[in-house]
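Shown next: input_31.cif, given as mmCIF, C-alpha atoms.
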data_protein
#
loop_
_atom_site.label_atom_id
_atom_site.label_comp_id
_atom_site.auth_asym_id
_atom_site.auth_seq_id
_atom_site.Cartn_x
_atom_site.Cartn_y
_atom_site.Cartn_z
CA MET P 1 69.26 99.31 85.76
CA ILE P 2 72.62 98.38 84.24
CA TYR P 3 73.68 102.03 84.17
CA PHE P 4 72.81 102.40 87.84
CA ASN P 5 74.95 99.38 88.76
CA ARG P 6 77.94 100.78 86.86
CA PHE P 7 77.48 104.16 88.50
CA ARG P 8 77.23 102.55 91.93
CA ARG P 9 80.35 100.48 91.34
CA LYS P 10 82.32 103.53 90.20
CA PHE P 11 81.03 105.55 93.15
CA PHE P 12 82.14 102.91 95.68
CA PHE P 13 85.50 102.54 93.94
CA LEU P 14 86.05 106.30 94.12
CA LEU P 15 84.98 106.33 97.76
CA PHE P 16 87.39 103.47 98.51
CA VAL P 17 90.28 105.30 96.79
CA LEU P 18 89.56 108.49 98.71
CA LEU P 19 89.36 106.65 102.05
CA LEU P 20 92.56 104.74 101.30
CA THR P 21 94.35 107.96 100.35
CA GLY P 22 93.17 109.61 103.55
CA LEU P 23 94.33 106.66 105.61
CA LEU P 24 97.75 106.66 103.92
CA ALA P 25 98.13 110.39 104.53
CA SER P 26 97.33 109.83 108.21
CA VAL P 27 99.90 107.04 108.44
CA VAL P 28 102.57 109.21 106.75
CA MET P 29 101.78 112.10 109.10
CA ALA P 30 101.91 109.86 112.18
CA LEU P 31 105.18 108.20 111.19
CA TRP P 32 106.78 111.52 110.29
CA ASN P 33 105.71 113.16 113.53
CA LEU P 34 106.75 110.18 115.67
CA ILE P 35 110.16 109.52 114.13
CA LEU P 36 111.71 112.37 112.17
CA PRO P 37 111.49 115.31 114.63
CA GLU P 38 113.51 113.36 117.17
CA VAL P 39 115.98 111.79 114.75
CA LEU P 40 116.58 114.65 112.31
CA GLY P 41 115.22 117.64 114.18
CA VAL P 42 112.65 118.53 111.51
CA LYS P 43 109.29 120.18 112.18
CA PHE P 44 106.00 118.38 112.66
CA ILE P 45 103.75 118.22 109.60
CA THR P 46 100.01 118.58 109.15
CA TYR P 47 97.61 116.18 107.47
CA TRP P 48 97.61 118.26 104.26
CA GLN P 49 101.39 118.36 104.15
CA ALA P 50 101.46 114.58 104.49
CA LEU P 51 98.98 114.30 101.62
CA GLY P 52 101.23 116.58 99.57
CA LEU P 53 104.24 114.40 100.38
CA LEU P 54 102.33 111.34 99.17
CA LEU P 55 101.48 113.09 95.92
CA LEU P 56 105.04 114.34 95.47
CA SER P 57 106.53 110.91 96.09
CA ARG P 58 104.07 109.38 93.62
CA ILE P 59 105.11 111.90 90.97
CA LEU P 60 108.85 111.54 91.60
CA PHE P 61 109.13 107.81 92.12
CA GLY P 62 106.06 106.09 90.75
CA GLY P 63 104.50 108.14 88.01
CA PHE P 64 100.79 107.76 87.49
CA ARG P 65 100.68 104.35 85.86
CA PHE P 66 99.01 101.61 87.82
CA GLY P 67 100.34 98.30 86.52
CA ALA P 68 98.87 97.28 83.18
CA TRP P 69 96.13 99.97 83.43
CA GLY P 70 98.50 102.74 82.44
CA ASN P 71 100.24 100.76 79.72
CA PRO P 72 98.05 98.53 77.55
CA TYR P 73 101.18 97.11 75.89
CA LYS P 74 102.18 95.38 79.15
CA SER P 75 98.82 93.73 79.64
CA ASN P 76 99.12 91.49 76.57
CA TYR P 77 102.90 91.08 76.47
CA ARG P 78 103.00 87.37 77.36
CA LYS P 79 100.09 86.52 75.10
CA ARG P 80 101.74 88.22 72.12
CA LYS P 81 105.05 86.56 72.92
CA TRP P 82 103.33 83.16 73.14
CA MET P 83 101.59 83.69 69.81
CA LYS P 84 104.90 84.51 68.07
CA MET P 85 106.57 81.28 69.28
CA SER P 86 106.91 78.24 67.09
CA ASP P 87 105.48 74.90 68.24
CA GLU P 88 108.96 73.68 69.23
CA GLU P 89 109.59 76.79 71.34
CA ARG P 90 106.23 76.37 73.05
CA ALA P 91 106.95 72.72 73.82
CA ARG P 92 110.39 73.63 75.19
CA LEU P 93 108.86 76.37 77.38
CA ARG P 94 106.16 74.01 78.69
CA ALA P 95 108.78 71.38 79.54
CA GLU P 96 110.91 73.98 81.31
CA TRP P 97 107.96 75.20 83.42
CA LYS P 98 106.91 71.64 84.26
CA LYS P 99 110.45 70.97 85.46
CA ARG P 100 110.49 74.19 87.52
CA CYS P 101 107.07 73.70 89.09
CA ARG P 102 107.51 70.13 90.30
CA LYS P 103 107.95 69.62 94.01
#
Could I get this structure in the form of structure tokens?
Amino acid sequence: MIYFNRFRRKFFFLLFVLLLTGLLASVVMALWNLILPEVLGVKFITYWQALGLLLLSRILFGGFRFGAWGNPYKSNYRKRKWMKMSDEERARLRAEWKKRCRK
């Protein structure tokens, strides 16, 4: 039963990612075909070319890391920093954040 729930969750997550990617490719294609041919005189693109542009832009500008998922070091950075602080540094940081967060 537990295995089935995990499988179902992963299946719906994968389905969501695929639908979102398809929607983004459609948006890129629509924006490209509405704006750029008139402004720059470029050709219209197909859905698959738009999907390729999304992939290319992800490779060139974003890499394949998704926040802390791709880099486990980032996920615990603040916790490790907090643990290395002395009690005086922690008190000073708390006081600073209390001063910043007051209305």
Have a look at atom CA of Tyr47 of chain P and atom CA of Ala25 of chain P and let me know their distance in Å, one decimal. 6.5 Å
For Leu20 of chain P, which of P:Leu54, P:Ile59, P:Thr46, P:Asn5 is the closest residue, counting only C-alpha atoms?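 Using only C-alpha atoms, the shortest distance to Leu20 of chain P belongs to P:Leu54.
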Separation of atom CA of Ile45 of chain P and atom CA of Ser26 of chain P, in Å? 10.7 Å
